[in-house]
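S.K.: Pasting a structure below so you can have a look.
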Amino acid sequence: MSCRSPLDWDRLLAYWLGELDPDSEARTEEHYLGCAACSRRLEQLVELAREVCAVTRSSGVNLFVSEEFVRRLSEKGLQVREYRVPLNGSVNCTVAPGDDFVMARLEARLDEVKRIDMVYLDSSGETQMRREDVPFIAQSGGVVFSTRIDILRALPATTLRLRLLAVDDSGDGLLGDYTFNHTPDCSGQLEQ
Ligand SMILES: [Zn+2]
């Protein structure tokens, strides 16, 4: 049993988490209900997410997960592209045709952090969007997330700037700034 236009793994996961918009949700449901291959994929993914659901929550285009979850995806044979972005550092990134998930790990010191907000900055450093209270594991030393692969595939060459803030009663504290220099499919080009 195979499927000619299989649903993306991250779409299936977002579906399971109830985070798709109503249109995508209806389309996803219609497809997998009529497709044995994709129903099976959804079952496998749900099983896996349950096992390692310490942190698995999506927020719009991003899915926040644990490193354990990422490791298990690879073990299951899924193609996972991972980027580690050092504290206040940058990374050159892309998405290749065979990738199932693209993960980024933003390194930061998280001990004693109670809440983290993720901020998208424009080129002049102004806040474009702010995601409040994103999931994280304090002792992991970073925030791990996956941006929906259909969104990444549609991106032109662009620079994406993210900021992590530690939020508590006294306000916002800067945890770190991270830059993604994204290029569309880089077949043949070395990753850095
Ligand atoms: Zn299918």
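In the structure tokens, chains take letters A, B, ... by order of appearance, with residues numbered from 1 within each chain and ligands from 1 in the order shown.
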What's around Glu67 (chain A) at 10 Å? Count only C-alpha atoms, leave out sequence neighbours fewer than 2 positions away in its own chain, and write the answer as an MDAnalysis selection string.
M.R.: chainID A and resid 52 54:55 64:65 69:73 103 105 137 140 142:145
S.K.: Step by step, measure atom-to-atom distances between ligand 1 and each residue using only C-alpha atoms and all ligand atoms, keep those at most 8 Å, then write them as a PyMOL selection string.
M.R.: chain A and resi 2-7+31-32+34-39
S.K.: Go ahead and save the residues from that selection, with C-alpha atoms, as a PDB file, in the first residue's frame.
M.R.:
```pdb
ATOM      1  CA  SER A   2       1.466   3.272  -1.048  1.00  0.00           C
ATOM      2  CA  CYS A   3       0.373   6.821  -1.566  1.00  0.00           C
ATOM      3  CA  ARG A   4       1.258   9.070  -4.462  1.00  0.00           C
ATOM      4  CA  SER A   5       0.937  12.305  -2.505  1.00  0.00           C
ATOM      5  CA  PRO A   6       1.656  11.357   1.111  1.00  0.00           C
ATOM      6  CA  LEU A   7       0.840  13.882   3.807  1.00  0.00           C
ATOM      7  CA  HIS A  31      -6.989  12.384   2.674  1.00  0.00           C
ATOM      8  CA  TYR A  32      -5.961  10.061   5.436  1.00  0.00           C
ATOM      9  CA  GLY A  34      -9.320   7.452   2.344  1.00  0.00           C
ATOM     10  CA  CYS A  35      -5.664   6.455   2.332  1.00  0.00           C
ATOM     11  CA  ALA A  36      -4.451   3.344   4.143  1.00  0.00           C
ATOM     12  CA  ALA A  37      -0.793   4.338   3.798  1.00  0.00           C
ATOM     13  CA  CYS A  38      -1.275   7.731   5.410  1.00  0.00           C
ATOM     14  CA  SER A  39      -3.552   6.347   8.160  1.00  0.00           C
TER      15      SER A  39
END
```
S.K.: Nearest residue to Gly98 (chain A) out of A:Pro135, A:Ala49, A:Leu78, A:Thr127, using only C-alpha atoms?
M.R.: A:Leu78
S.K.: Any idea what the distance is between CA of Arg163 (chain A) and CA of Arg84 (chain A)?
M.R.: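 So the two atoms, CA of Arg163 (chain A) and CA of Arg84 (chain A), lie 14.7 Å apart.
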S.K.: What parts of region 61-183 of chain A does DSSP call alpha helix (DSSP H)? I'd like the answer as a list in words.
M.R.: Glu67, Glu68, Phe69, Val70, Arg71, Arg72, Leu73, Ser74, Glu75, Ile149, Asp150, Ile151, Leu152, Arg153 and Ala154 of chain A
S.K.: Name all residues at most 7 Å from Asp117 (chain A) (count only C-alpha atoms; drop same-chain ones fewer than 5 positions away) and give them as a list in words.
M.R.: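 The residues that qualify are Arg130, Arg131, Glu132, Asp133, Val134, Leu164, Leu165, Ala166 and Val167 of chain A.
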S.K.: Which residue out of A:Arg27, A:Arg109, A:Arg11, A:Lys76 has the minimum interatomic distance to Asn62 (chain A) when only C-alpha atoms are used?
M.R.: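 Closest to Asn62 (chain A), using only C-alpha atoms: A:Arg11.
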S.K.: What gap, in Å, lies between CA of Met118 (chain A) and CA of Asp168 (chain A)?
M.R.: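 About the pair CA of Met118 (chain A) and CA of Asp168 (chain A): they are 14.1 Å apart.
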S.K.: Taking only region 4-140 of chain A into account, list the residues labelled strand (DSSP E) by DSSP (computed from the backbone), as a PyMOL selection string.
M.R.: chain A and resi 56-59+62-65+80-85+90-93+101-107+115-121+127-131
